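This report refers to the structure that appears directly beneath it.
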Amino acid sequence: MSATVTPDLLSLVMRDVKAQNYINGEWVDGDSTFVSTNPANRTHVIGTAPMTSRAQVNEAVKAARAAYTSWRRLSWVQRAEFIDNLAQVLKRDLEEFSVLVTTECGKPYNEGRADVVESLHTAQYVAGFGRLPTGHVLSSEIPAKDAYILRKPKGVVGIITPWNFPVAIPLWGSLPALLAGNTVVIKTSEETPVCGWRLAKAFEDAGFPKGVINFVSGDGETTGDALARHEDVDVILFTGSRAVGKMIQQSAAAEAHKFVATELGGKNAVIVLEDANLDIAVNAALLSAFKTAGQRCVSSGRIIVDRKIEGQFTERFLDLAKRVRVGDGMDPSVFMGPLINPDGLAKWQHHNAKAKEEGGEILLDGQVLTGPDHVNGNFASPFVYRFAQYKENTFCLRQEAFSPHCAIIGVDGLEEAVRVYNDTEYGLSMAVITEDFRKWRYVRDHADYGLGYVNLPSIGAEVHLPFGGVKGSGNGNPAAETALEYLTHRVAFTVNHAEEIVMAQGLGTKV
Ligand code: UN1
């Protein structure tokens with residue numbers, strides 16, 4: 001399936017959509033609305049969407065709770081049929097979704113499309129799980145007994161999602177949740193409410209029963225907070241900032257039953273060892289640093305390079321970085337779209353200023369772009385700096401910039417490379433470029449990460465792998481492969497086939 005931008009695609013661009021919430025199978029307005037614009041062109045209004053109040057979040061949770069009774073009674077195979085329907089709808093509407101993702105969140109079309117393809121893969125993968133074992137039978141100490149472990153749903157799942165993968169990330173958690181018999185309320189990002197509305201329409205087209213899946217749009221302070229703190233929500237999935245993730249975990253800790261799964265970003269790195277294939281190294285580093293304008297949780301803000309090849313690497317990396325075309329993602333020659341909003345731009349400027357203040361040698365002084373093609377968007381060009389010697393306790397080398405801000409750090413050999421890599425509070429994604437299987441293994445075993453790559457960028461995970469990090473990157477749970485673990489209770493069930501009771505552990509039965 002190709003990803004070129006044709007005039008047909010341009011005809012799919014949406015404007016002035018009146019997005020609504022999807023609660024209990026009905027389309028409803030909120031008490032107030034907010035506007036969503038294209039970050040590449042703020043004069044392009046994608047639509048307006050409800051700012052959902054606490055009371056309306058409560059309605060959505062009530063609808064999900066009511067639908068739970070009958071949804072959980074269906075078999076896994078029956079629920080998988082609905083998910084398969086959704087896969088077909090996503091395939092049917094792939095282009096329309098891709099254009100919407102590109103125009104509402106700014107990622108170039110190829111990336112917008114990859115987001116939707118990732119969503120489709122999630123649906124295909126999860127639907128397949130409907131026919132896999134949902135538990136297993138175990139032997140008992142007592143020959144006449146059988147023991148079973150079964151997965152049962154937990155109840156209502158609340159999902160708070162970010163803007164950067166506005167179609168894929170809501171599905172990573174919601175589809176395994178639904179398959180297992182839970183019902184769901186999704187809070188979409190305030191940057192991409194129209195993508196959320198469009199996804200809700202796809203669920204409606206797929207024929208899910210009313211109340212099983214609900215969508216609300218709004219901000220974090222009211223809408224997200226109301227969902228996260230709601231006492232009738234059993235599981236919260238959160239992808240976003242570390243500060244908010246921690247707050248949600250702390251508030252949930254007050255309730256015995258509530259489980260929170262978090263994915264909270266990273267200060268990821270590409271480690272380029274002395275024997276690296278430089279073609280791979282340069283390409284991997286550039287994709288890791290600047291794809292999605294550095295706005296992936298798994299983007300790399302650090303390239304850790306063995307000093308023996310640092311000069312050669314840096315020259316080639318800069319050559320390529322200078323050629324990065326920045327602009328509207330519907331222009332096929334563009335590699336890097338805008339930052340999501342003026343705050344994103346300000347964060348990038350702050351990190352760049354810190355890099356200068358903390359002694360980084362500036363190699364490419366990224367600029368806010370204001371020319372005729374950029375005047376209405378949040379555009380920045382790549383910022384690259386260097387620390388010839390590693391400097392501890394800096395802001396710029398330790399804090400996530402979520403923007404095209406990238407350090408090249410010179411190190412002596414494998415062990416220093418891994419020490420520098422580990423010197424952040426995060427541990428999400430890591431790539432190592434080497435031809436030496438022993439070195440790769442050392443990195444594999446000594447670096448802290450949830451996603452590791454060899455001779456690849458630190459981005460681009462596939463949906464059937466675990467996705468999540470360690471340390472400050474969260475508790476490692478959010479994506480499809482791992483999601484069933486915490487979206488279900490594994491219950492123990494023991495059945496006696498004898499005419500009398502015989503207890504395990506030699507426990508007496510005489511009264
Ligand atoms: C994110 O980084 O916010 O691994 C999600 C990737 C994508 C998902 C990224 N499949 O790059």
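Ligands are numbered from 1 in the order shown, residues from 1 within each chain, and chains are lettered A, B, ... in the order they appear in the structure tokens.
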
What residues have any atom no more than 10 Å from ligand 1 when counting only C-alpha atoms and all ligand atoms, and can you list them as a PDB file with C-alpha atoms, in the first residue's frame?
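Written output follows (result.pdb):
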ATOM      1  CA  GLU A 111       3.291   9.125   9.210  1.00  0.00           C
ATOM      2  CA  ALA A 114       1.355   4.660   9.486  1.00  0.00           C
ATOM      3  CA  ASP A 115      -0.675   5.655  12.558  1.00  0.00           C
ATOM      4  CA  VAL A 117      -2.092   1.202   9.643  1.00  0.00           C
ATOM      5  CA  GLU A 118      -0.899   0.610  13.216  1.00  0.00           C
ATOM      6  CA  SER A 119      -4.529   0.928  14.336  1.00  0.00           C
ATOM      7  CA  THR A 161      -4.862   9.355  25.257  1.00  0.00           C
ATOM      8  CA  PRO A 162      -2.279  11.716  23.728  1.00  0.00           C
ATOM      9  CA  TRP A 163      -2.452  13.616  20.448  1.00  0.00           C
ATOM     10  CA  ASN A 164       0.621  12.178  18.728  1.00  0.00           C
ATOM     11  CA  PHE A 165      -0.960   8.826  17.811  1.00  0.00           C
ATOM     12  CA  PRO A 166      -4.612   9.894  17.903  1.00  0.00           C
ATOM     13  CA  ALA A 168      -3.484   4.024  17.257  1.00  0.00           C
ATOM     14  CA  ILE A 169      -3.023   4.714  20.963  1.00  0.00           C
ATOM     15  CA  TRP A 172      -3.913  -0.212  21.908  1.00  0.00           C
ATOM     16  CA  THR A 239      -0.180   7.840  28.015  1.00  0.00           C
ATOM     17  CA  GLY A 240       1.271  11.294  28.559  1.00  0.00           C
ATOM     18  CA  GLU A 263       3.475   5.198  29.525  1.00  0.00           C
ATOM     19  CA  LEU A 264       5.194   8.448  30.380  1.00  0.00           C
ATOM     20  CA  GLY A 265       7.771   9.212  27.716  1.00  0.00           C
ATOM     21  CA  GLY A 266      11.525   9.022  27.702  1.00  0.00           C
ATOM     22  CA  SER A 288      14.935   8.655  15.830  1.00  0.00           C
ATOM     23  CA  LYS A 291      10.575  11.768  12.620  1.00  0.00           C
ATOM     24  CA  THR A 292       7.275  13.232  13.938  1.00  0.00           C
ATOM     25  CA  GLY A 294      10.759  14.486  17.728  1.00  0.00           C
ATOM     26  CA  GLN A 295       7.252  14.236  19.202  1.00  0.00           C
ATOM     27  CA  ARG A 296       7.125  10.507  19.883  1.00  0.00           C
ATOM     28  CA  CYS A 297       7.576   9.109  23.365  1.00  0.00           C
ATOM     29  CA  VAL A 298      10.239   6.955  21.727  1.00  0.00           C
ATOM     30  CA  SER A 299      12.038   9.769  19.857  1.00  0.00           C
ATOM     31  CA  PHE A 402       9.437  16.254  22.753  1.00  0.00           C
ATOM     32  CA  LEU A 428      11.698   3.716  27.381  1.00  0.00           C
ATOM     33  CA  SER A 429      13.460   3.134  24.061  1.00  0.00           C
ATOM     34  CA  LEU A 451      11.954  -1.244  23.795  1.00  0.00           C
ATOM     35  CA  PRO A 457      15.960   3.631  15.014  1.00  0.00           C
ATOM     36  CA  SER A 458      14.450   3.873  18.495  1.00  0.00           C
ATOM     37  CA  ILE A 459      10.996   4.342  16.917  1.00  0.00           C
ATOM     38  CA  GLY A 460       8.645   2.117  14.954  1.00  0.00           C
ATOM     39  CA  ALA A 461       7.435  -0.599  17.321  1.00  0.00           C
ATOM     40  CA  GLU A 462       4.982  -3.186  16.018  1.00  0.00           C
ATOM     41  CA  VAL A 463       1.701  -3.795  17.811  1.00  0.00           C
ATOM     42  CA  LEU A 465       5.223  -6.498  20.996  1.00  0.00           C
ATOM     43  CA  PHE A 467       5.210  -1.245  24.486  1.00  0.00           C
ATOM     44  CA  GLY A 468       6.162   0.575  27.668  1.00  0.00           C
ATOM     45  CA  ALA A 479       0.047  -1.634  24.781  1.00  0.00           C
TER      46      ALA A 479
END

Using backbone DSSP assignments, extract all strand (DSSP E or B) residues from range 113-291 of chain A; output them as a VMD selection string. chain A and resid 135 to 139 145 to 153 156 to 160 183 to 187 213 to 216 235 to 239 259 to 263 268 to 272

Could you give me, as a Markdown table, a per-residue list for range 29-59 of chain A showing, wherever an atom lies at most 12 Å from an atom of range 377-398 of chain A, the closest pair of atoms and their distance in Å to one decimal, using only C-alpha atoms and sorting by chain then residue number from low to high?
| residue | atom | partner | partner_atom | distance |
| --- | --- | --- | --- | --- |
| A:Thr37 | CA | A:Gly377 | CA | 10.0 |
| A:Asn38 | CA | A:Gly377 | CA | 7.9 |
| A:Pro39 | CA | A:Gly377 | CA | 5.4 |
| A:Ala40 | CA | A:Gly377 | CA | 4.2 |
| A:Asn41 | CA | A:Gly377 | CA | 4.7 |
| A:Arg42 | CA | A:Gly377 | CA | 6.0 |
| A:Thr43 | CA | A:Gly377 | CA | 8.9 |
| A:His44 | CA | A:Gly377 | CA | 10.1 |

Between CA of Asp8 in chain A and CA of Thr122 in chain A, what is the distance in Å, rounded to a tenth? 26.6 Å

Need the shell around Arg438 in chain A: protein/DNA/RNA residues with any atom at most 12 Å away, counting only C-alpha atoms. Skip same-chain ones fewer than 6 positions apart. Format as a list in words?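 Skipping anything fewer than 6 positions along the chain leaves Leu273, Asp275, Leu414, Arg444 and Asp445 of chain A.
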
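For the set A:Val116, A:Ala55, A:Val157, A:Leu138, the residue with the smallest atom-to-atom gap to Lys187 in chain A is A:Val157, counting only C-alpha atoms.
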
Quick one: pick out all alpha helix (DSSP H) residues within range 106-270 of chain A from a backbone DSSP run and write them as a ChimeraX atom specification. /A:109-129,168-179,193-206,225-229,242-252

Among listed residues A:Asn182, A:Thr6, A:Ser32, A:Ser174, nearest Trp76 in chain A (using only C-alpha atoms):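 Going through A:Asn182, A:Thr6, A:Ser32, A:Ser174 one by one, the smallest distance to Trp76 in chain A is for A:Asn182.
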
Using only C-alpha atoms: which of A:Gly245, A:Gly413, A:Gly427, A:Gly181 has the shortest distance to Ser300 in chain A: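 The answer is A:Gly427, which sits nearest to Ser300 in chain A.
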
For Ala293 in chain A, please output as an MDAnalysis selection string all residues within 10 Å (counting only C-alpha atoms; exclusion window: fewer than 6 positions along the same chain). chainID A and resid 106:108 287 299 326 335:340 379:382 402:405
